[in-house]
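Novice: Handing you a structure now.
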There are 2 protein chains.
Amino acid sequence: MNLEVILVELFFLVLLALLAGMLCSLVRIPKLVGEIVVGIAIANLTINGQSIFSLLELSDPQNFAVFQVFAELGVIFLLFTVGLETPFHELRRVGGMATMVAVLGVILPFVTGLVLMLFLNFSTIESLFVAAALVATSVGITARVIKDMGKMETTEARVILAAAVIDDVLGLIILAIVSGMSSGGHLDLLDVAVVAGLAVGFVLIVMFITTLIPRLRQARRKTNTTSKRQRRIEVSLLPLALIVCFGLSALASYLDLAAIVGAFLAGMLFAEFNDLWPGKERFEPINEFLVPFFFLFIGLQVDLGQFSSLDIILLAIAITVLAIITKYVGCSIGARKMGRGSANIVGVGMIPRGEVGIIIASIGLTTGALTNNLFSIVVFMSLATTIIAPSMVTWAFKRKDSAKPTFKSGKAIK
Amino acid sequence: MNLEVILVELFFLVLLALLAGMLCSLVRIPKLVGEIVVGIAIANLTINGQSIFSLLELSDPQNFAVFQVFAELGVIFLLFTVGLETPFHELRRVGGMATMVAVLGVILPFVTGLVLMLFLNFSTIESLFVAAALVATSVGITARVIKDMGKMETTEARVILAAAVIDDVLGLIILAIVSGMSSGGHLDLLDVAVVAGLAVGFVLIVMFITTLIPRLRQARRKTNTTSKRQRRIEVSLLPLALIVCFGLSALASYLDLAAIVGAFLAGMLFAEFNDLWPGKERFEPINEFLVPFFFLFIGLQVDLGQFSSLDIILLAIAITVLAIITKYVGCSIGARKMGRGSANIVGVGMIPRGEVGIIIASIGLTTGALTNNLFSIVVFMSLATTIIAPSMVTWAFKRKDSAKPTFKSGKAIK
């Protein structure tokens, strides 16, 4: 391996990702869309008959391995950070509304997706993976869009965020079960039960430990009041977070679950120390460096040649329409008690699949459960739902505001 | 490549580095010493006849390549951060004192080291590399020790830091010349001139661009007062810093200079934006993650079996004693106008070689200029000077304070 080549590759990949991200900011699309498109371009565009992929020497197995690890670490740190934003007590505090929105928004896409795929004669594993990829709302994208609109304090925003979090947990459990089944190769009811048991057991044990932390910290605070020692420990929390993150990721992977399930749980565990340690802030530069490689890598795996067949284009459009409608209907039914305008916002706000759908698809591709065709279709669906979400959320908020001008002006006076 | 194995390796390596770092904090030794010792242990200790190195599957070429890239990025980001702490105007502002300390502290170790090595019948390239490794003071270690003592505001500390910075630049130029020569294979006066010209030219061009930045920024401030646009740009400065860092590192490497020379210059360039962008703070988490891999990797390359011969042990001790005496004498002569007590502090404070000596040695090892023997000896010298420095600096400050009780009490009253 030639370190000079790696540096040149890093230079070009980070440069292209930055330019794509800036372009996305200009047209108000989430950055990850641009990064994926750059990846697709690198894999599919040719200069003088050579693909950019091989011009950058990414076809060298060792170079490719290096960037594969970067991409994997990127998604592990991304999910760790999502976990960091998910303190357990907030999960518990959110009432029936968010849970109902989340559960209906999971069941409807999963069941209809599964039925559609099975009806189209895909295998059970393939159908399960595509259905699982339809499930999870991307907390990051939803939050970023609402934050950019300055609507973070509205009830709708709170329900969307809480529901998206529950969604993520449900999605990860479904992913854990599905990926466990796919690595088994065949479907056996006992296998399914064991995998589901392991997945739920692993998640519940880590969650149980997480619930113990506040009590342990309170007990410790009573016996120990020397703040100096606490500040000393604080300094080395980043390596400790890395260790727990890598440890739980490896453990999850060892239990045939997805490594990111472990990373998410590790993040939730450290969310209990959010008051002591600004974990999100500390992980941000690492994420800013590594996460783009994940989305670049996703793009690298998309073969545009797959979309030459009309069948696949039609299936991609069908899956995308299904993803939008089922999520919107499920979530707005769940939120119907909030009134029509608010239910509309919640339904629209839950549409973007973003990274979570793509992560599930890439696990399917890696384990061999998904063909390149189906992988590309899921990536298309994730991209499309993510690209349309910002404008739809803006529209839904404006629609509600214009329907209730008295409420709006009352707020303005206050 | 198996990502599960990589995660397990990451878990163990970060865990061991953290434990070693904590142990070093307890006995007040710089953390990097512990990290190198962990690396040595992994490479040299065996469990049931198998080295920990192969138990961790680090002997797998692809796994090894991944951690080699981590180590290389660690040292590149480390030098980038050192550059960030070296604004160009501060280099220019420091007067004759720091320059004299630095120049004498570079010439004396380099010349005596070169003479000793040539006298002992080592090749010219080997002698040049060992002499170059004797040159540079580690800014990081010196600064950390003085900071821990609360002496950052003293004149001695300022001279030490400024001289260490000039030292680093001189050391990097010497390294650039030496490594350029070693890649040429043989010594040719024209080659040396070309390499030296390229090295100095590259450094001077980037430095010239760096000096332009404040003027450009001032000119821009006059024509453009919209602070909103500036804040927008600020958000994406980390990727930009990465791009410039990777770009200049690759360019330096392409010019047959060391990649870290480019990284250091990139850091100096961004130091001009220290008021706008907290680069050091932003890079700290990335460094905290990656830098330990560099020191672990250094340890991995140390073969303790080399120290079984008395010749090598004697040479290691001789080089270490030479490193301590020549640096101390050179720097304290340079600082003699400050008075005996202060010159003593400056001389002692410049002793630790830390990472810079090791970096030079590892470049020598990679390019084949240094044998494993000589590499291990330089690492020993760097470790020894680093380990003894903290206690010697403490002693020197106490000695000066006790020699001038009136000054001390005068300060205490103020």
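Labels used: A, B, ... for chains in the order of the structure tokens, numbers from 1 for residues in each chain, and numbers from 1 for ligands as shown.
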Just fit chain A onto chain B on all the Cα atoms, in order, by least squares, and give it as a compact mmCIF listing (two decimals) with C-alpha atoms, in the first residue's frame.
Specialist:
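Result file out-v6.txt:
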# COMPACT_ATOMS: atom_id res chain seq x y z
CA MET A 1 -11.21 -8.17 5.43
CA ASN A 2 -13.51 -8.82 8.37
CA LEU A 3 -15.02 -5.69 9.91
CA GLU A 4 -15.84 -7.57 13.12
CA VAL A 5 -12.13 -8.29 13.62
CA ILE A 6 -11.29 -4.62 12.99
CA LEU A 7 -13.82 -3.61 15.67
CA VAL A 8 -12.32 -6.08 18.16
CA GLU A 9 -8.83 -4.76 17.36
CA LEU A 10 -10.00 -1.17 17.77
CA PHE A 11 -11.59 -2.10 21.10
CA PHE A 12 -8.41 -3.66 22.49
CA LEU A 13 -5.97 -1.09 21.08
CA VAL A 14 -7.93 1.93 22.34
CA LEU A 15 -8.48 0.20 25.70
CA LEU A 16 -4.78 -0.62 26.14
CA ALA A 17 -3.75 2.89 25.04
CA LEU A 18 -6.21 4.43 27.53
CA LEU A 19 -5.00 2.25 30.42
CA ALA A 20 -1.36 3.04 29.58
CA GLY A 21 -2.19 6.75 29.37
CA MET A 22 -3.93 6.67 32.77
CA LEU A 23 -0.95 4.89 34.31
CA CYS A 24 1.38 7.54 32.83
CA SER A 25 -0.78 10.34 34.26
CA LEU A 26 -0.48 8.76 37.69
CA VAL A 27 3.33 8.74 37.57
CA ARG A 28 3.41 12.09 35.67
CA ILE A 29 4.98 10.83 32.44
CA PRO A 30 3.70 12.03 29.03
CA LYS A 31 0.97 9.68 27.76
CA LEU A 32 2.78 8.90 24.51
CA VAL A 33 5.41 6.98 26.49
CA GLY A 34 2.72 4.58 27.70
CA GLU A 35 1.27 4.21 24.23
CA ILE A 36 4.67 3.32 22.76
CA VAL A 37 5.28 0.83 25.57
CA VAL A 38 1.90 -0.80 24.80
CA GLY A 39 2.96 -1.08 21.15
CA ILE A 40 6.27 -2.65 22.18
CA ALA A 41 4.40 -5.10 24.43
CA ILE A 42 1.98 -6.08 21.65
CA ALA A 43 4.86 -6.77 19.28
CA ASN A 44 7.16 -8.52 21.76
CA LEU A 45 5.09 -10.28 24.43
CA THR A 46 3.78 -13.77 23.80
CA ILE A 47 0.83 -15.64 25.29
CA ASN A 48 1.08 -19.42 24.98
CA GLY A 49 3.88 -18.96 22.47
CA GLN A 50 1.86 -16.63 20.22
CA SER A 51 2.65 -12.92 20.14
CA ILE A 52 -0.24 -10.60 21.04
CA PHE A 53 0.39 -9.10 17.60
CA SER A 54 -0.76 -12.25 15.82
CA LEU A 55 -3.43 -13.08 18.43
CA LEU A 56 -5.06 -9.74 17.50
CA GLU A 57 -4.78 -10.77 13.81
CA LEU A 58 -2.68 -7.66 13.15
CA SER A 59 -0.38 -9.86 11.11
CA ASP A 60 -3.12 -10.00 8.44
CA PRO A 61 -1.82 -7.63 5.72
CA GLN A 62 -5.17 -5.85 5.19
CA ASN A 63 -5.73 -5.30 8.91
CA PHE A 64 -2.17 -4.05 9.22
CA ALA A 65 -2.71 -1.67 6.27
CA VAL A 66 -5.78 -0.20 7.96
CA PHE A 67 -3.89 0.57 11.17
CA GLN A 68 -0.90 1.83 9.20
CA VAL A 69 -3.21 4.42 7.61
CA PHE A 70 -4.65 5.28 11.05
CA ALA A 71 -1.12 5.79 12.37
CA GLU A 72 -0.09 7.90 9.38
CA LEU A 73 -3.22 10.06 9.65
CA GLY A 74 -2.56 10.38 13.38
CA VAL A 75 0.89 11.88 12.85
CA ILE A 76 -0.35 14.05 9.98
CA PHE A 77 -3.11 15.51 12.16
CA LEU A 78 -0.66 15.87 15.07
CA LEU A 79 1.73 17.96 12.98
CA PHE A 80 -1.19 19.90 11.52
CA THR A 81 -2.23 20.81 15.06
CA VAL A 82 1.34 21.79 15.99
CA GLY A 83 1.25 24.04 12.90
CA LEU A 84 -2.06 25.49 14.10
CA GLU A 85 -0.29 26.59 17.30
CA THR A 86 2.43 28.32 15.27
CA PRO A 87 1.10 31.55 13.78
CA PHE A 88 3.63 32.99 11.35
CA HIS A 89 3.71 36.44 12.97
CA GLU A 90 4.78 34.89 16.28
CA LEU A 91 7.63 33.14 14.54
CA ARG A 92 8.72 36.51 13.15
CA ARG A 93 8.21 38.43 16.39
CA VAL A 94 10.42 36.27 18.56
CA GLY A 95 13.72 38.07 18.88
CA GLY A 96 17.31 37.02 18.80
CA MET A 97 17.09 35.06 22.04
CA ALA A 98 14.76 32.31 20.85
CA THR A 99 16.47 32.11 17.47
CA MET A 100 19.88 31.77 19.08
CA VAL A 101 18.63 29.11 21.49
CA ALA A 102 17.04 27.24 18.59
CA VAL A 103 19.96 27.48 16.17
CA LEU A 104 22.61 26.48 18.73
CA GLY A 105 20.28 23.75 19.99
CA VAL A 106 20.04 22.40 16.44
CA ILE A 107 23.64 22.74 15.27
CA LEU A 108 25.35 21.19 18.30
CA PRO A 109 23.33 17.92 18.44
CA PHE A 110 23.31 17.58 14.64
CA VAL A 111 27.07 18.08 14.15
CA THR A 112 28.19 16.03 17.14
CA GLY A 113 25.66 13.30 16.30
CA LEU A 114 26.84 13.19 12.71
CA VAL A 115 30.51 13.08 13.73
CA LEU A 116 29.90 10.32 16.31
CA MET A 117 27.97 8.17 13.84
CA LEU A 118 30.47 8.62 11.02
CA PHE A 119 33.32 7.92 13.48
CA LEU A 120 31.55 4.65 14.40
CA ASN A 121 31.63 3.72 10.69
CA PHE A 122 27.91 4.06 9.94
CA SER A 123 26.92 5.07 6.42
CA THR A 124 26.39 8.75 5.55
CA ILE A 125 22.61 8.33 5.18
CA GLU A 126 22.32 6.49 8.48
CA SER A 127 24.45 9.09 10.22
CA LEU A 128 22.40 11.95 8.72
CA PHE A 129 19.09 10.38 9.83
CA VAL A 130 20.25 9.74 13.40
CA ALA A 131 21.71 13.27 13.56
CA ALA A 132 18.44 14.71 12.21
CA ALA A 133 16.48 12.77 14.83
CA LEU A 134 18.64 14.44 17.52
CA VAL A 135 17.65 17.92 16.36
CA ALA A 136 14.01 18.71 16.98
CA THR A 137 12.49 19.57 20.36
CA SER A 138 8.94 18.34 20.88
CA VAL A 139 6.76 21.45 21.28
CA GLY A 140 3.86 19.37 22.58
CA ILE A 141 5.72 17.71 25.43
CA THR A 142 7.57 20.86 26.51
CA ALA A 143 4.37 22.88 26.48
CA ARG A 144 2.41 20.25 28.37
CA VAL A 145 5.04 19.97 31.11
CA ILE A 146 5.31 23.76 31.60
CA LYS A 147 1.52 24.12 31.54
CA ASP A 148 1.10 21.40 34.16
CA MET A 149 3.54 23.38 36.39
CA GLY A 150 1.56 26.61 35.98
CA LYS A 151 4.68 28.35 34.58
CA MET A 152 3.26 29.24 31.15
CA GLU A 153 3.56 33.00 31.83
CA THR A 154 7.30 33.04 32.67
CA THR A 155 9.87 34.48 30.26
CA GLU A 156 11.69 31.13 30.28
CA ALA A 157 8.54 29.36 29.11
CA ARG A 158 8.05 31.84 26.28
CA VAL A 159 11.64 31.48 25.08
CA ILE A 160 11.42 27.68 25.28
CA LEU A 161 8.18 27.57 23.30
CA ALA A 162 9.33 30.03 20.65
CA ALA A 163 12.69 28.28 20.30
CA ALA A 164 10.98 24.89 20.13
CA VAL A 165 8.86 26.18 17.27
CA ILE A 166 11.86 27.49 15.33
CA ASP A 167 13.56 24.20 16.17
CA ASP A 168 10.65 22.32 14.62
CA VAL A 169 10.86 24.34 11.42
CA LEU A 170 14.63 23.85 11.21
CA GLY A 171 14.18 20.18 12.03
CA LEU A 172 11.56 19.77 9.31
CA ILE A 173 13.82 21.45 6.73
CA ILE A 174 16.70 19.18 7.75
CA LEU A 175 14.33 16.19 7.62
CA ALA A 176 13.10 17.28 4.20
CA ILE A 177 16.65 17.46 2.88
CA VAL A 178 17.75 14.21 4.52
CA SER A 179 14.68 12.20 3.44
CA GLY A 180 14.93 13.61 -0.07
CA MET A 181 18.54 12.48 -0.22
CA SER A 182 17.74 9.04 1.14
CA SER A 183 15.06 8.41 -1.50
CA GLY A 184 17.64 9.32 -4.15
CA GLY A 185 19.67 6.37 -2.95
CA HIS A 186 23.12 7.89 -3.41
CA LEU A 187 24.66 11.22 -2.51
CA ASP A 188 25.19 13.66 -5.37
CA LEU A 189 25.86 17.33 -4.76
CA LEU A 190 23.44 18.39 -7.51
CA ASP A 191 20.76 16.06 -6.04
CA VAL A 192 21.29 17.55 -2.60
CA ALA A 193 20.98 21.06 -4.04
CA VAL A 194 17.80 20.17 -5.95
CA VAL A 195 16.22 18.46 -2.92
CA ALA A 196 17.23 21.29 -0.60
CA GLY A 197 15.98 23.80 -3.15
CA LEU A 198 12.65 22.00 -3.50
CA ALA A 199 12.28 21.66 0.28
CA VAL A 200 13.13 25.28 1.02
CA GLY A 201 11.14 26.47 -2.01
CA PHE A 202 8.02 24.52 -1.02
CA VAL A 203 8.28 25.74 2.59
CA LEU A 204 8.92 29.35 1.52
CA ILE A 205 6.05 29.42 -1.01
CA VAL A 206 3.53 28.12 1.52
CA MET A 207 4.93 30.53 4.13
CA PHE A 208 4.66 33.39 1.63
CA ILE A 209 1.00 32.50 0.98
CA THR A 210 0.54 32.39 4.76
CA THR A 211 1.90 35.93 5.14
CA LEU A 212 -0.54 37.13 2.46
CA ILE A 213 -3.59 35.88 4.40
CA PRO A 214 -3.79 38.68 7.00
CA ARG A 215 -3.56 41.32 4.25
CA LEU A 216 -6.16 39.57 2.09
CA ARG A 217 -8.48 39.25 5.08
CA GLN A 218 -8.04 42.97 5.90
CA ALA A 219 -8.74 43.96 2.31
CA ARG A 220 -11.82 41.75 2.30
CA ARG A 221 -13.06 43.15 5.60
CA LYS A 222 -13.01 46.63 4.07
CA THR A 223 -15.10 45.68 1.05
CA ASN A 224 -17.41 43.19 2.77
CA THR A 225 -19.10 43.78 6.11
CA THR A 226 -21.79 41.09 6.02
CA SER A 227 -20.88 38.91 8.98
CA LYS A 228 -23.68 36.47 8.13
CA ARG A 229 -21.91 35.18 5.08
CA GLN A 230 -18.71 34.73 7.10
CA ARG A 231 -20.52 32.61 9.68
CA ARG A 232 -21.91 30.42 6.90
CA ILE A 233 -18.43 29.75 5.58
CA GLU A 234 -17.10 29.03 9.06
CA VAL A 235 -19.32 25.95 9.31
CA SER A 236 -17.42 24.11 6.59
CA LEU A 237 -13.89 25.04 7.69
CA LEU A 238 -13.12 21.55 9.04
CA PRO A 239 -13.53 19.80 5.66
CA LEU A 240 -11.59 22.69 4.07
CA ALA A 241 -8.79 22.22 6.62
CA LEU A 242 -8.79 18.49 5.89
CA ILE A 243 -8.56 19.16 2.16
CA VAL A 244 -5.65 21.60 2.49
CA CYS A 245 -3.95 19.28 4.99
CA PHE A 246 -4.29 16.21 2.74
CA GLY A 247 -3.41 18.26 -0.37
CA LEU A 248 -0.21 19.79 1.02
CA SER A 249 0.76 16.45 2.63
CA ALA A 250 0.35 14.66 -0.69
CA LEU A 251 2.23 17.45 -2.49
CA ALA A 252 5.10 17.30 0.02
CA SER A 253 5.18 13.53 -0.37
CA TYR A 254 5.18 13.91 -4.18
CA LEU A 255 8.16 16.29 -3.92
CA ASP A 256 9.98 13.51 -2.00
CA LEU A 257 9.61 15.50 1.21
CA ALA A 258 7.94 14.00 4.28
CA ALA A 259 4.14 14.23 4.20
CA ILE A 260 4.20 15.75 7.69
CA VAL A 261 6.12 18.78 6.37
CA GLY A 262 3.04 19.56 4.28
CA ALA A 263 0.71 18.90 7.22
CA PHE A 264 2.71 21.28 9.44
CA LEU A 265 2.64 24.03 6.79
CA ALA A 266 -1.11 23.49 6.29
CA GLY A 267 -1.54 23.96 10.04
CA MET A 268 0.50 27.19 9.97
CA LEU A 269 -1.68 28.43 7.12
CA PHE A 270 -4.84 27.81 9.15
CA ALA A 271 -3.25 29.35 12.25
CA GLU A 272 -3.92 32.69 10.50
CA PHE A 273 -7.64 31.98 10.98
CA ASN A 274 -7.33 31.09 14.68
CA ASP A 275 -9.48 34.12 15.58
CA LEU A 276 -12.28 32.98 13.23
CA TRP A 277 -12.12 29.24 13.71
CA PRO A 278 -11.14 27.22 16.80
CA GLY A 279 -9.16 24.74 14.72
CA LYS A 280 -7.18 23.26 17.59
CA GLU A 281 -10.35 22.58 19.55
CA ARG A 282 -12.07 21.07 16.50
CA PHE A 283 -9.15 18.79 15.66
CA GLU A 284 -8.69 17.66 19.27
CA PRO A 285 -11.26 14.81 19.20
CA ILE A 286 -9.89 13.55 15.88
CA ASN A 287 -6.39 13.65 17.35
CA GLU A 288 -7.54 11.97 20.55
CA PHE A 289 -8.85 9.12 18.41
CA LEU A 290 -6.05 8.76 15.85
CA VAL A 291 -2.78 10.02 17.41
CA PRO A 292 -2.45 7.08 19.86
CA PHE A 293 -2.33 4.74 16.85
CA PHE A 294 0.82 6.51 15.70
CA PHE A 295 2.60 5.87 18.98
CA LEU A 296 1.22 2.33 19.21
CA PHE A 297 2.54 1.74 15.71
CA ILE A 298 5.95 3.14 16.69
CA GLY A 299 6.04 0.62 19.51
CA LEU A 300 4.95 -2.18 17.17
CA GLN A 301 8.08 -1.56 15.10
CA VAL A 302 10.47 -1.85 18.04
CA ASP A 303 12.07 -5.28 18.17
CA LEU A 304 13.30 -5.83 21.73
CA GLY A 305 15.42 -8.68 20.39
CA GLN A 306 17.70 -5.98 18.97
CA PHE A 307 18.73 -4.96 22.47
CA SER A 308 20.21 -8.35 23.25
CA SER A 309 23.60 -7.23 21.96
CA LEU A 310 25.81 -5.19 24.30
CA ASP A 311 27.04 -3.05 21.35
CA ILE A 312 23.55 -1.78 20.69
CA ILE A 313 22.76 -1.12 24.36
CA LEU A 314 26.01 0.86 24.65
CA LEU A 315 25.26 2.82 21.45
CA ALA A 316 21.72 3.58 22.67
CA ILE A 317 23.08 4.93 25.95
CA ALA A 318 25.82 6.92 24.16
CA ILE A 319 23.32 8.51 21.74
CA THR A 320 20.94 9.33 24.60
CA VAL A 321 23.67 10.97 26.70
CA LEU A 322 24.84 12.89 23.61
CA ALA A 323 21.25 14.01 22.93
CA ILE A 324 20.84 15.33 26.47
CA ILE A 325 24.22 17.04 26.80
CA THR A 326 24.41 18.69 23.36
CA LYS A 327 20.86 20.05 23.53
CA TYR A 328 21.37 21.33 27.07
CA VAL A 329 24.72 22.95 26.31
CA GLY A 330 23.62 24.44 22.97
CA CYS A 331 20.41 25.93 24.32
CA SER A 332 21.76 27.21 27.61
CA ILE A 333 24.65 28.91 25.77
CA GLY A 334 22.04 30.47 23.47
CA ALA A 335 20.11 31.71 26.51
CA ARG A 336 23.14 32.75 28.59
CA LYS A 337 22.14 36.44 28.54
CA MET A 338 19.03 35.58 30.56
CA GLY A 339 21.11 34.68 33.60
CA ARG A 340 22.32 31.33 34.88
CA GLY A 341 19.09 30.10 36.47
CA SER A 342 16.98 30.94 33.43
CA ALA A 343 19.53 29.55 30.96
CA ASN A 344 19.44 26.33 33.01
CA ILE A 345 15.65 26.13 32.68
CA VAL A 346 15.77 26.79 28.95
CA GLY A 347 18.51 24.19 28.43
CA VAL A 348 16.61 21.53 30.37
CA GLY A 349 13.26 22.44 28.84
CA MET A 350 14.55 21.86 25.32
CA ILE A 351 15.75 18.29 26.02
CA PRO A 352 12.64 16.19 25.23
CA ARG A 353 12.64 14.90 21.66
CA GLY A 354 9.27 13.18 21.91
CA GLU A 355 7.35 12.56 18.73
CA VAL A 356 9.53 14.56 16.33
CA GLY A 357 12.60 12.39 16.81
CA ILE A 358 10.46 9.28 16.48
CA ILE A 359 8.74 10.58 13.36
CA ILE A 360 12.11 11.18 11.69
CA ALA A 361 13.30 7.72 12.69
CA SER A 362 10.12 6.07 11.38
CA ILE A 363 10.55 7.85 8.04
CA GLY A 364 14.10 6.55 7.98
CA LEU A 365 12.84 3.03 8.67
CA THR A 366 10.11 3.22 6.02
CA THR A 367 12.46 4.50 3.32
CA GLY A 368 15.00 1.86 4.25
CA ALA A 369 17.60 4.45 5.29
CA LEU A 370 17.69 3.18 8.87
CA THR A 371 18.14 -0.41 10.00
CA ASN A 372 15.86 -1.84 12.70
CA ASN A 373 18.79 -1.51 15.12
CA LEU A 374 19.24 2.22 14.60
CA PHE A 375 15.48 2.81 14.59
CA SER A 376 15.14 1.12 17.97
CA ILE A 377 18.05 3.16 19.30
CA VAL A 378 16.46 6.47 18.20
CA VAL A 379 13.13 5.42 19.75
CA PHE A 380 14.99 4.60 22.98
CA MET A 381 16.66 8.03 22.91
CA SER A 382 13.34 9.81 22.27
CA LEU A 383 11.62 7.89 25.06
CA ALA A 384 14.44 8.44 27.54
CA THR A 385 14.73 12.21 26.92
CA THR A 386 10.94 12.50 27.13
CA ILE A 387 10.67 10.50 30.35
CA ILE A 388 13.37 12.45 32.21
CA ALA A 389 12.28 15.92 31.00
CA PRO A 390 9.32 16.59 33.33
CA SER A 391 11.28 15.99 36.51
CA MET A 392 14.32 17.94 35.23
CA VAL A 393 12.19 20.95 34.27
CA THR A 394 10.52 20.88 37.69
CA TRP A 395 13.94 20.75 39.32
CA ALA A 396 15.30 23.65 37.22
CA PHE A 397 12.37 25.93 38.04
CA LYS A 398 12.65 25.11 41.76
CA ARG A 399 16.39 25.70 41.71
CA LYS A 400 15.96 29.16 40.18
CA ASP A 401 13.12 30.05 42.54
CA SER A 402 15.14 29.08 45.60
CA ALA A 403 18.16 31.04 44.32
CA LYS A 404 16.10 34.26 44.07
CA PRO A 405 13.70 34.26 46.99
CA THR A 406 13.24 38.08 46.89
CA PHE A 407 12.00 37.94 43.29
CA LYS A 408 9.66 35.12 44.17
CA SER A 409 8.14 36.88 47.16
CA GLY A 410 7.86 40.09 45.15
CA LYS A 411 5.80 38.20 42.63
CA ALA A 412 3.63 36.67 45.31
CA ILE A 413 2.76 40.12 46.71
CA LYS A 414 1.76 41.41 43.33
